[in-house]
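final_35.csv (CSV, C-alpha atoms)
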chain,number,residue,atom,x,y,z
K,375,MET,CA,7.0,3.7,17.6
K,376,ILE,CA,8.3,4.3,21.1
K,377,ILE,CA,11.8,5.6,21.1
K,378,ASN,CA,13.4,6.2,24.5
K,379,GLU,CA,16.5,5.3,26.5
K,380,ARG,CA,15.4,1.8,27.1
K,381,THR,CA,14.5,0.9,23.5
K,382,ILE,CA,17.7,2.6,22.2
K,383,LYS,CA,19.8,0.5,24.6
K,384,SER,CA,18.0,-2.8,23.7
K,385,TRP,CA,18.2,-2.1,20.0
K,386,SER,CA,22.0,-1.5,20.4
K,387,ILE,CA,22.3,-4.9,22.2
K,388,ILE,CA,20.5,-6.9,19.5
K,389,GLY,CA,22.1,-5.0,16.6
K,390,PRO,CA,20.6,-3.5,13.3
K,391,ARG,CA,19.3,-6.8,11.8
K,392,ALA,CA,17.1,-7.8,14.7
K,393,THR,CA,16.2,-4.1,15.2
K,394,PHE,CA,14.9,-4.0,11.7
K,395,GLY,CA,12.7,-7.0,12.4
K,396,LEU,CA,11.3,-5.4,15.6
K,397,ALA,CA,10.6,-2.2,13.7
K,398,ALA,CA,8.7,-4.1,11.0
K,399,LEU,CA,6.3,-5.4,13.7
K,400,GLU,CA,5.4,-1.8,14.6
K,401,LEU,CA,5.5,-0.2,11.2
K,402,VAL,CA,3.1,-2.7,9.6
K,403,LYS,CA,0.4,-1.2,11.9
K,404,GLU,CA,1.0,2.1,10.2
K,405,HIS,CA,1.5,0.7,6.7
K,406,GLN,CA,-1.1,-2.1,6.4
K,407,ASN,CA,-0.2,-2.5,2.7
K,408,MET,CA,3.4,-3.3,3.6
K,409,MET,CA,4.7,-6.6,2.1
K,410,ILE,CA,8.0,-8.0,3.3
K,411,LEU,CA,9.7,-10.4,0.9
K,412,THR,CA,12.7,-12.5,2.0
K,413,CYS,CA,14.9,-15.2,0.6
K,414,ASP,CA,15.0,-17.8,3.5
K,415,VAL,CA,16.3,-15.2,6.0
K,416,SER,CA,13.5,-14.7,8.4
K,417,THR,CA,15.7,-15.6,11.4
K,418,SER,CA,18.7,-13.6,10.1
K,419,ALA,CA,16.6,-10.6,9.5
K,420,GLY,CA,14.9,-10.8,12.9
K,421,LEU,CA,11.5,-11.4,11.1
K,422,ASP,CA,10.4,-14.7,12.7
K,423,ARG,CA,7.8,-12.9,14.9
K,424,PHE,CA,6.6,-10.8,12.0
K,425,ARG,CA,6.3,-13.9,9.8
K,426,LYS,CA,4.1,-15.7,12.3
K,427,THR,CA,2.0,-12.6,13.4
K,428,TYR,CA,1.5,-11.0,9.9
K,429,ALA,CA,1.5,-14.0,7.6
K,430,SER,CA,-0.5,-12.2,4.9
K,431,ASN,CA,2.2,-9.4,4.9
K,432,TYR,CA,5.1,-11.8,4.4
K,433,LEU,CA,6.4,-13.8,1.5
K,434,ASP,CA,9.4,-16.1,1.5
K,435,LEU,CA,10.8,-16.7,-2.0
K,436,GLY,CA,13.4,-19.2,-1.0
K,437,ILE,CA,17.0,-18.9,-2.3
K,438,ALA,CA,15.9,-17.0,-5.4
K,439,GLU,CA,17.0,-13.4,-5.0
K,440,GLN,CA,16.5,-12.3,-8.6
K,441,ASN,CA,13.0,-13.7,-8.6
K,442,MET,CA,12.4,-11.8,-5.4
K,443,ILE,CA,13.1,-8.5,-7.1
K,444,GLY,CA,10.7,-9.4,-9.9
K,445,VAL,CA,7.9,-10.3,-7.5
K,446,ALA,CA,8.6,-7.1,-5.5
K,447,ALA,CA,8.2,-5.0,-8.7
K,448,GLY,CA,4.9,-6.7,-9.5
K,449,LEU,CA,3.6,-6.1,-6.0
K,450,ALA,CA,4.8,-2.5,-6.0
K,451,SER,CA,3.0,-1.9,-9.3
K,452,GLU,CA,-0.2,-3.0,-7.5
K,453,ASN,CA,0.4,-0.3,-4.8
K,454,TYR,CA,1.9,-2.5,-2.1
K,455,ASN,CA,4.6,-0.9,0.1
K,456,VAL,CA,7.2,-3.5,-0.6
K,457,VAL,CA,10.3,-4.4,1.4
K,458,THR,CA,12.9,-6.9,0.3
K,459,THR,CA,15.6,-8.3,2.4
K,460,THR,CA,18.5,-10.8,2.3
K,461,PHE,CA,22.2,-10.6,2.9
K,462,ALA,CA,23.7,-7.5,1.2
K,463,PRO,CA,25.8,-9.2,-1.6
K,464,PHE,CA,22.8,-11.3,-2.6
K,465,GLN,CA,20.4,-8.3,-2.3
K,466,THR,CA,22.5,-6.1,-4.6
K,467,ILE,CA,25.2,-7.7,-6.6
K,468,ARG,CA,23.3,-10.8,-7.5
K,469,CYS,CA,20.3,-8.8,-8.4
K,470,CYS,CA,22.0,-5.8,-10.2
K,471,GLU,CA,20.2,-6.2,-13.5
K,472,GLN,CA,16.8,-6.8,-11.9
K,473,ILE,CA,17.2,-3.7,-9.7
K,474,LYS,CA,18.3,-1.6,-12.7
K,475,VAL,CA,15.3,-2.6,-14.9
K,476,ASN,CA,12.5,-3.0,-12.3
K,477,PHE,CA,13.4,-0.2,-9.9
K,478,GLY,CA,15.7,2.2,-11.7
K,479,TYR,CA,14.3,2.1,-15.2
K,480,MET,CA,10.6,1.2,-14.5
K,481,LYS,CA,10.6,3.2,-11.3
K,482,ASN,CA,8.8,0.7,-9.1
K,483,LYS,CA,9.2,1.9,-5.5
K,484,VAL,CA,10.7,-0.8,-3.2
K,485,CYS,CA,12.7,-0.6,0.0
K,486,MET,CA,15.6,-2.9,-0.1
K,487,VAL,CA,17.4,-3.9,3.1
K,488,GLY,CA,20.9,-5.3,2.8
K,489,LEU,CA,21.7,-7.4,5.8
K,490,ALA,CA,25.2,-7.6,7.3
K,491,SER,CA,26.9,-5.5,4.7
K,492,GLY,CA,30.6,-4.4,5.1
K,493,LEU,CA,32.8,-6.7,7.1
K,494,ILE,CA,30.7,-8.1,9.9
K,495,LEU,CA,30.5,-11.6,8.3
K,496,GLY,CA,34.3,-11.6,7.8
K,497,ASN,CA,34.6,-15.1,9.3
K,498,LEU,CA,32.7,-16.4,6.2
K,499,GLY,CA,35.0,-14.6,3.8
K,500,PHE,CA,34.3,-12.2,1.1
K,501,THR,CA,31.5,-14.2,-0.5
K,502,HIS,CA,29.4,-12.9,2.4
K,503,CYS,CA,31.2,-9.6,3.1
K,504,CYS,CA,29.9,-6.8,1.0
K,505,ILE,CA,32.2,-3.9,0.0
K,506,GLU,CA,30.8,-3.2,-3.5
K,507,ASP,CA,27.0,-2.5,-3.0
K,508,VAL,CA,27.2,1.2,-2.7
K,509,GLY,CA,29.4,1.6,-5.7
K,510,ILE,CA,27.1,-0.6,-7.8
K,511,LEU,CA,23.8,1.0,-6.8
K,512,ARG,CA,25.1,4.6,-7.0
K,513,THR,CA,25.3,4.1,-10.8
K,514,ILE,CA,21.6,3.2,-11.1
K,515,PRO,CA,19.2,6.2,-11.4
K,516,ASN,CA,16.2,6.5,-9.1
K,517,ILE,CA,17.9,4.5,-6.2
K,518,THR,CA,18.5,6.2,-2.9
K,519,ILE,CA,21.2,4.8,-0.6
K,520,ILE,CA,21.2,5.0,3.2
K,521,SER,CA,23.8,3.5,5.5
K,522,PRO,CA,22.6,3.9,9.1
K,523,ALA,CA,25.2,4.7,11.9
K,524,ASP,CA,23.5,2.6,14.6
K,525,SER,CA,20.4,0.6,15.4
K,526,LEU,CA,18.3,3.7,16.2
K,527,GLU,CA,19.2,5.2,12.8
K,528,THR,CA,18.2,1.8,11.2
K,529,VAL,CA,14.7,2.4,12.6
K,530,LYS,CA,14.6,6.0,11.5
K,531,ALA,CA,15.8,5.1,8.0
K,532,PHE,CA,13.2,2.3,7.7
K,533,GLN,CA,10.4,4.7,8.7
K,534,ALA,CA,11.6,7.3,6.2
K,535,ALA,CA,12.0,4.8,3.4
K,536,LEU,CA,8.5,3.5,3.7
K,537,LYS,CA,7.2,7.0,3.1
K,538,TYR,CA,9.7,8.0,0.4
K,539,ASP,CA,8.6,8.3,-3.2
K,540,SER,CA,11.3,6.2,-4.9
K,541,SER,CA,13.3,3.0,-4.2
K,542,VAL,CA,15.6,3.0,-1.2
K,543,TYR,CA,18.5,0.7,-0.3
K,544,ILE,CA,19.2,0.5,3.4
K,545,ARG,CA,22.7,-0.8,4.0
K,546,LEU,CA,23.0,-2.5,7.5
K,547,THR,CA,26.5,-2.8,8.9
K,548,GLY,CA,27.8,-3.9,12.3
K,549,GLY,CA,26.4,-6.7,14.6
K,550,SER,CA,25.1,-7.2,18.0
K,551,ASN,CA,26.3,-4.9,20.8
K,552,ASN,CA,26.4,-2.2,18.2
K,553,PRO,CA,27.8,1.1,19.6
K,554,ILE,CA,25.2,3.8,20.2
K,555,VAL,CA,25.8,7.0,18.1
K,556,TYR,CA,22.4,8.5,18.9
K,557,ASP,CA,21.3,8.2,22.6
K,558,LYS,CA,18.0,10.0,22.0
K,559,ASP,CA,15.4,10.6,19.3
K,560,TYR,CA,16.4,13.1,16.6
K,561,ASN,CA,15.3,14.4,13.3
K,562,PHE,CA,16.2,12.1,10.4
K,563,GLU,CA,15.8,13.3,6.9
K,564,ILE,CA,16.8,11.4,3.7
K,565,GLY,CA,19.4,13.4,1.9
K,566,LYS,CA,20.4,15.6,4.8
K,567,SER,CA,23.4,14.6,6.9
K,568,ASN,CA,23.9,15.1,10.7
K,569,ILE,CA,26.8,17.0,12.2
K,570,LEU,CA,27.7,14.9,15.3
K,571,LYS,CA,30.6,17.0,16.4
K,572,ASN,CA,32.0,20.4,15.5
K,573,GLY,CA,35.6,21.0,14.6
K,574,SER,CA,37.8,23.4,12.7
K,575,ASP,CA,40.9,21.5,11.5
K,576,VAL,CA,39.6,18.2,10.1
K,577,ALA,CA,36.2,17.1,8.8
K,578,ILE,CA,35.6,13.4,9.1
K,579,PHE,CA,32.7,12.2,6.9
K,580,SER,CA,31.5,8.7,7.7
K,581,SER,CA,28.6,6.3,7.2
K,582,GLY,CA,27.5,3.1,8.8
K,583,SER,CA,28.8,1.5,12.1
K,584,VAL,CA,32.3,2.9,11.7
K,585,THR,CA,30.8,6.3,12.6
K,586,SER,CA,31.3,5.4,16.3
K,587,GLU,CA,35.0,4.7,15.6
K,588,CYS,CA,35.2,8.2,14.0
K,589,LEU,CA,33.6,9.9,17.0
K,590,ASN,CA,36.0,8.1,19.5
K,591,ALA,CA,38.9,9.0,17.3
K,592,ALA,CA,37.9,12.7,17.0
K,593,LYS,CA,37.6,13.1,20.8
K,594,ILE,CA,41.2,11.7,21.2
K,595,LEU,CA,42.5,13.9,18.4
K,596,ASP,CA,41.1,17.0,20.2
K,597,GLU,CA,43.6,16.2,23.0
K,598,SER,CA,46.4,16.4,20.4
K,599,ASN,CA,45.1,19.9,19.4
K,600,ILE,CA,43.6,18.6,16.2
K,601,SER,CA,40.0,19.8,16.1
K,602,CYS,CA,37.9,17.3,14.2
K,603,ALA,CA,34.3,17.6,13.1
K,604,VAL,CA,32.4,14.4,12.5
K,605,ILE,CA,29.6,14.3,10.0
K,606,ASN,CA,27.3,11.3,9.7
K,607,MET,CA,26.6,11.1,5.9
K,608,HIS,CA,23.9,8.5,6.4
K,609,THR,CA,22.5,9.2,2.9
K,610,ILE,CA,25.1,8.5,0.3
K,611,LYS,CA,22.7,9.2,-2.6
K,612,PRO,CA,21.4,11.8,-3.0
K,613,PHE,CA,24.5,13.4,-1.6
K,614,ASP,CA,24.3,16.3,0.9
K,615,LYS,CA,26.5,18.8,-1.0
K,616,LYS,CA,25.4,21.8,1.2
K,617,THR,CA,26.9,20.3,4.3
K,618,LEU,CA,30.1,19.4,2.6
K,619,GLU,CA,30.4,23.0,1.5
K,620,LYS,CA,30.4,24.1,5.1
K,621,TYR,CA,33.7,22.4,5.6
K,622,LEU,CA,35.7,23.8,2.6
K,623,ASN,CA,37.8,25.8,5.0
K,624,VAL,CA,39.2,22.9,7.0
K,625,LYS,CA,42.7,21.7,6.4
K,626,LEU,CA,41.8,18.1,5.7
K,627,ILE,CA,38.7,16.1,4.7
K,628,VAL,CA,38.7,12.4,5.7
K,629,SER,CA,36.1,9.9,4.4
K,630,VAL,CA,35.7,6.7,6.4
K,631,GLU,CA,33.6,3.8,5.2
K,632,GLU,CA,33.2,0.1,5.5
K,633,HIS,CA,33.3,-0.2,1.7
K,634,ASN,CA,35.7,-0.2,-1.1
K,635,VAL,CA,37.4,3.2,-1.4
K,636,ILE,CA,36.3,3.1,-5.0
K,637,GLY,CA,32.7,4.0,-5.7
K,638,GLY,CA,31.4,4.6,-2.2
K,639,LEU,CA,31.1,7.5,0.2
K,640,GLY,CA,34.7,8.7,-0.5
K,641,SER,CA,34.0,8.8,-4.2
K,642,ALA,CA,30.8,10.7,-3.7
K,643,ILE,CA,32.6,13.3,-1.6
K,644,SER,CA,35.5,13.6,-4.2
K,645,GLU,CA,33.0,14.1,-7.0
K,646,SER,CA,31.3,16.9,-5.1
K,647,LEU,CA,34.6,18.5,-4.1
K,648,SER,CA,35.7,18.7,-7.7
K,649,THR,CA,32.9,21.2,-8.4
K,650,PHE,CA,34.4,23.8,-6.0
K,651,GLU,CA,37.2,26.1,-7.1
K,652,ASN,CA,39.2,25.6,-3.9
K,653,SER,CA,38.8,22.6,-1.6
K,654,PRO,CA,40.9,20.8,1.0
K,655,ARG,CA,42.9,17.6,0.4
K,656,GLN,CA,40.9,14.4,0.9
K,657,VAL,CA,42.1,11.3,2.6
K,658,PHE,CA,40.2,8.0,1.8
K,659,LEU,CA,39.8,5.4,4.5
K,660,GLY,CA,38.1,2.2,3.6
K,661,ILE,CA,38.9,-1.2,2.0
K,662,ASN,CA,41.7,-0.4,-0.4
K,663,ASP,CA,40.3,-2.2,-3.5
K,664,GLN,CA,41.3,-5.7,-2.3
K,665,TYR,CA,39.9,-9.0,-1.0
K,666,THR,CA,41.9,-10.1,2.0
K,667,LYS,CA,41.7,-13.4,3.9
K,668,GLY,CA,38.7,-13.7,6.2
K,669,GLY,CA,38.7,-12.9,9.9
K,670,SER,CA,36.7,-11.4,12.7
K,671,TYR,CA,35.0,-8.1,12.4
K,672,ASN,CA,37.4,-6.2,14.6
K,673,PHE,CA,40.4,-7.9,12.9
K,674,LEU,CA,39.2,-6.8,9.4
K,675,LYS,CA,38.5,-3.3,10.5
K,676,LYS,CA,42.0,-3.0,11.9
K,677,LYS,CA,43.6,-4.7,8.9
K,678,ASN,CA,41.8,-2.2,6.6
K,679,GLY,CA,42.6,0.8,8.7
K,680,ILE,CA,39.1,1.8,9.7
K,681,ASP,CA,39.3,1.2,13.5
K,682,GLU,CA,39.7,4.0,16.0
K,683,ASN,CA,43.5,3.7,16.4
K,684,ASN,CA,44.2,3.6,12.6
K,685,ILE,CA,41.9,6.6,12.0
K,686,ILE,CA,43.8,8.5,14.6
K,687,SER,CA,47.2,7.7,13.3
K,688,THR,CA,46.2,8.3,9.6
K,689,ILE,CA,44.8,11.7,10.5
K,690,LYS,CA,47.8,12.7,12.5
K,691,ASN,CA,50.2,11.7,9.8
K,692,ASN,CA,48.3,13.5,7.0
K,693,PHE,CA,47.6,16.6,9.1
K,694,ASN,CA,51.3,17.0,10.0
K,695,GLU,CA,52.4,16.5,6.4
K,696,ARG,CA,50.2,19.1,4.9
Show me, as structure tokens, the structure contained in the file I just sent.
Amino acid sequence: MIINERTIKSWSIIGPRATFGLAALELVKEHQNMMILTCDVSTSAGLDRFRKTYASNYLDLGIAEQNMIGVAAGLASENYNVVTTTFAPFQTIRCCEQIKVNFGYMKNKVCMVGLASGLILGNLGFTHCCIEDVGILRTIPNITIISPADSLETVKAFQAALKYDSSVYIRLTGGSNNPIVYDKDYNFEIGKSNILKNGSDVAIFSSGSVTSECLNAAKILDESNISCAVINMHTIKPFDKKTLEKYLNVKLIVSVEEHNVIGGLGSAISESLSTFENSPRQVFLGINDQYTKGGSYNFLKKKNGIDENNIISTIKNNFNER
């Protein structure tokens, strides 16, 4: 695939979902045994052109997500490189048992793409928002979980997942006009996080589209003499414990995620921190185990304390209290 300043900018404008669809158009040339299965979401997944151009590589199962997982497992057992996609709560929560049995237990290798996870569909309420998917899938063996920081990382994660040896869940957050975290090509490796900014006082670990909010917050905090590192923990499972270990000498660790604070990135960090004799205090930023009323994306990020301003104030308050 061609990755340059122009493509990165255009992918940012159209957002992760449409970027996924464009990436599929290119990657099928490399993986001719790729089969994409959807549940009546070809437009939402940016796959209309793929559906028309590569009809023999596309299968729409209709509104039957659990059936989609069963069909995906069958195709995977016949050595197809299978990709399933629908909106995140229907891809994961609705299909939990099927994912457990067919992918986790039976070890059929499938790439699952959860569309519009987190809070981006907030105007439709929490039937369509998804703050539980990471927590659910983390408990199933043989499932890798990736939450890309921007549209370019969506492409990189998709490329890597197709070549990976076990099932991968790619959790897409954010919408169109998605902030750019990576402005040029870079080395993406499943299971290995990326240090986006160095710092000595606070280490901010994030995943998904809120990573851009963390970077903005860290730059402003530097002006207040609070030196913040920002680590994009794009792979939540398997967890990059080695990078976490590099930050055991900071004064505060902060996890920021567009997910319930129970079961997600923050929990994965806490579980790893518990294995070290001495570790910094951790502050969890995310959705505080609640379903609120619906609203716009920016409104819900602010309400749940994961926008730039709330990240800044929370870190200041906790850093000064230590």
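Residues within 12 Å of K:Val402, counting only C-alpha atoms and excluding same-chain residues fewer than 3 positions away, are Met375, Gly395, Leu396, Ala397, Ala398, Leu399, His405, Gln406, Asn407, Met408, Met409, Ile410, Phe424, Arg425, Thr427, Tyr428, Ala429, Ser430, Asn431, Tyr432, Tyr454, Asn455, Val456, Val457, Phe532, Gln533 and Leu536 of chain K.
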Quick one: residues within 12 Å of stretch 689-693 of chain K, only C-alpha atoms, excluding same-chain residues fewer than 3 positions away - as a ChimeraX atom specification?
/K:575-578,588,591-592,594-602,624-630,654-659,679-680,682-686,696
I need the residues from that last selection saved to file as an mmCIF file, keeping the file's coordinate frame (with C-alpha atoms), if you can.
data_model
loop_
_atom_site.group_PDB
_atom_site.id
_atom_site.type_symbol
_atom_site.label_atom_id
_atom_site.label_comp_id
_atom_site.auth_asym_id
_atom_site.auth_seq_id
_atom_site.Cartn_x
_atom_site.Cartn_y
_atom_site.Cartn_z
ATOM 1 C CA ASP K 575 40.900 21.500 11.500
ATOM 2 C CA VAL K 576 39.600 18.200 10.100
ATOM 3 C CA ALA K 577 36.200 17.100 8.800
ATOM 4 C CA ILE K 578 35.600 13.400 9.100
ATOM 5 C CA CYS K 588 35.200 8.200 14.000
ATOM 6 C CA ALA K 591 38.900 9.000 17.300
ATOM 7 C CA ALA K 592 37.900 12.700 17.000
ATOM 8 C CA ILE K 594 41.200 11.700 21.200
ATOM 9 C CA LEU K 595 42.500 13.900 18.400
ATOM 10 C CA ASP K 596 41.100 17.000 20.200
ATOM 11 C CA GLU K 597 43.600 16.200 23.000
ATOM 12 C CA SER K 598 46.400 16.400 20.400
ATOM 13 C CA ASN K 599 45.100 19.900 19.400
ATOM 14 C CA ILE K 600 43.600 18.600 16.200
ATOM 15 C CA SER K 601 40.000 19.800 16.100
ATOM 16 C CA CYS K 602 37.900 17.300 14.200
ATOM 17 C CA VAL K 624 39.200 22.900 7.000
ATOM 18 C CA LYS K 625 42.700 21.700 6.400
ATOM 19 C CA LEU K 626 41.800 18.100 5.700
ATOM 20 C CA ILE K 627 38.700 16.100 4.700
ATOM 21 C CA VAL K 628 38.700 12.400 5.700
ATOM 22 C CA SER K 629 36.100 9.900 4.400
ATOM 23 C CA VAL K 630 35.700 6.700 6.400
ATOM 24 C CA PRO K 654 40.900 20.800 1.000
ATOM 25 C CA ARG K 655 42.900 17.600 0.400
ATOM 26 C CA GLN K 656 40.900 14.400 0.900
ATOM 27 C CA VAL K 657 42.100 11.300 2.600
ATOM 28 C CA PHE K 658 40.200 8.000 1.800
ATOM 29 C CA LEU K 659 39.800 5.400 4.500
ATOM 30 C CA GLY K 679 42.600 0.800 8.700
ATOM 31 C CA ILE K 680 39.100 1.800 9.700
ATOM 32 C CA GLU K 682 39.700 4.000 16.000
ATOM 33 C CA ASN K 683 43.500 3.700 16.400
ATOM 34 C CA ASN K 684 44.200 3.600 12.600
ATOM 35 C CA ILE K 685 41.900 6.600 12.000
ATOM 36 C CA ILE K 686 43.800 8.500 14.600
ATOM 37 C CA ARG K 696 50.200 19.100 4.900
#
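One distance worth recording is that between atom CA of K:Gln664 and atom CA of K:Ser583, which is 20.4 Å.
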Select all residues near (17.6, 4.2, -1.7) (cut-off 6 Å, inclusive, file coordinates), counting only C-alpha atoms, and output them as a CSV table (one decimal) with C-alpha atoms, keeping the file's coordinate frame.
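New file selection-v6.csv:
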chain,number,residue,atom,x,y,z
K,517,ILE,CA,17.9,4.5,-6.2
K,518,THR,CA,18.5,6.2,-2.9
K,519,ILE,CA,21.2,4.8,-0.6
K,541,SER,CA,13.3,3.0,-4.2
K,542,VAL,CA,15.6,3.0,-1.2
K,543,TYR,CA,18.5,0.7,-0.3
At a cut-off of 8 Å, using only C-alpha atoms, what residues contact stretch 433-439 of chain K? Leave out same-chain residues fewer than 2 positions from it and give the result as a PDB file with C-alpha atoms, in the frame of the given file.
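selection_3.pdb was written with the following content:
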ATOM      1  CA  MET K 409       4.700  -6.600   2.100  1.00  0.00           C
ATOM      2  CA  ILE K 410       8.000  -8.000   3.300  1.00  0.00           C
ATOM      3  CA  LEU K 411       9.700 -10.400   0.900  1.00  0.00           C
ATOM      4  CA  THR K 412      12.700 -12.500   2.000  1.00  0.00           C
ATOM      5  CA  CYS K 413      14.900 -15.200   0.600  1.00  0.00           C
ATOM      6  CA  ASP K 414      15.000 -17.800   3.500  1.00  0.00           C
ATOM      7  CA  ALA K 429       1.500 -14.000   7.600  1.00  0.00           C
ATOM      8  CA  SER K 430      -0.500 -12.200   4.900  1.00  0.00           C
ATOM      9  CA  ASN K 431       2.200  -9.400   4.900  1.00  0.00           C
ATOM     10  CA  ASN K 441      13.000 -13.700  -8.600  1.00  0.00           C
ATOM     11  CA  MET K 442      12.400 -11.800  -5.400  1.00  0.00           C
ATOM     12  CA  ILE K 443      13.100  -8.500  -7.100  1.00  0.00           C
ATOM     13  CA  THR K 460      18.500 -10.800   2.300  1.00  0.00           C
ATOM     14  CA  PHE K 464      22.800 -11.300  -2.600  1.00  0.00           C
ATOM     15  CA  GLN K 465      20.400  -8.300  -2.300  1.00  0.00           C
ATOM     16  CA  ARG K 468      23.300 -10.800  -7.500  1.00  0.00           C
ATOM     17  CA  CYS K 469      20.300  -8.800  -8.400  1.00  0.00           C
TER      18      CYS K 469
END
Just give me the gap between atom CA of K:Pro612 and atom CA of K:Gly565 in Å, one decimal is fine.
5.5 Å
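Residues lying within 12 Å of K:Phe673, counting only C-alpha atoms and ignoring same-chain neighbours fewer than 4 positions away, are Leu493, Ile494, Leu495, Gly496, Asn497, Thr666, Lys667, Gly668, Gly669, Lys677, Asn678, Gly679, Ile680 and Asp681 of chain K.
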Could those selected residues go to a file with C-alpha atoms, as a PDB file, keeping the file's coordinate frame?
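Output below, filename again37.pdb:
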ATOM      1  CA  LEU K 493      32.800  -6.700   7.100  1.00  0.00           C
ATOM      2  CA  ILE K 494      30.700  -8.100   9.900  1.00  0.00           C
ATOM      3  CA  LEU K 495      30.500 -11.600   8.300  1.00  0.00           C
ATOM      4  CA  GLY K 496      34.300 -11.600   7.800  1.00  0.00           C
ATOM      5  CA  ASN K 497      34.600 -15.100   9.300  1.00  0.00           C
ATOM      6  CA  THR K 666      41.900 -10.100   2.000  1.00  0.00           C
ATOM      7  CA  LYS K 667      41.700 -13.400   3.900  1.00  0.00           C
ATOM      8  CA  GLY K 668      38.700 -13.700   6.200  1.00  0.00           C
ATOM      9  CA  GLY K 669      38.700 -12.900   9.900  1.00  0.00           C
ATOM     10  CA  LYS K 677      43.600  -4.700   8.900  1.00  0.00           C
ATOM     11  CA  ASN K 678      41.800  -2.200   6.600  1.00  0.00           C
ATOM     12  CA  GLY K 679      42.600   0.800   8.700  1.00  0.00           C
ATOM     13  CA  ILE K 680      39.100   1.800   9.700  1.00  0.00           C
ATOM     14  CA  ASP K 681      39.300   1.200  13.500  1.00  0.00           C
TER      15      ASP K 681
END
Calculate how many Å separate atom CA of K:Leu570 from atom CA of K:Leu674, rounding to one decimal.
25.3 Å
Check the smallest atom-to-atom distance from each of K:Arg545, K:Ser550, K:Lys537, K:Ile643 to K:Ser580 using all atoms listed in the file, then report the winner.
K:Ile643
I need every residue sitting at most 6 Å from the point (28.5, -3.7, 2.2) (coordinates as in the file, only C-alpha atoms considered), written as a PDB file with C-alpha atoms, in the coordinates of the input.
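After the write, result.pdb holds the following:
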ATOM      1  CA  SER K 491      26.900  -5.500   4.700  1.00  0.00           C
ATOM      2  CA  GLY K 492      30.600  -4.400   5.100  1.00  0.00           C
ATOM      3  CA  CYS K 504      29.900  -6.800   1.000  1.00  0.00           C
ATOM      4  CA  ILE K 505      32.200  -3.900   0.000  1.00  0.00           C
ATOM      5  CA  ASP K 507      27.000  -2.500  -3.000  1.00  0.00           C
ATOM      6  CA  HIS K 633      33.300  -0.200   1.700  1.00  0.00           C
TER       7      HIS K 633
END
Using all atoms listed in the file, which residue out of K:Thr688, K:Thr466, K:Thr547, K:Asn453 lies closest to K:Ser525?
K:Thr547
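Taking all atoms listed in the file into account, K:Phe477 lies nearest to K:Ala446 out of the set K:Ala490, K:Cys503, K:Ile569, K:Ala446.
For the set K:Glu506, K:Ile605, K:Cys485, K:Ala642, the residue with the smallest atom-to-atom gap to K:Asn662 is K:Glu506, counting all atoms listed in the file.
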Spatial neighbours of K:Tyr560, max dist 10 Å, only C-alpha atoms, sep filter under 2 positions, as number ranges by chain
K: 377, 526-527, 530, 556-558, 562-563, 568
Under the rule that all atoms listed in the file are counted, which of K:Ala603, K:Leu647, K:Ile636, K:Val555 is the nearest residue to K:Asp663?
K:Ile636
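Taking only C-alpha atoms into account, K:Ala392 lies nearest to K:Asn551 out of the set K:Ser574, K:Ser451, K:Asn551, K:Asn623.
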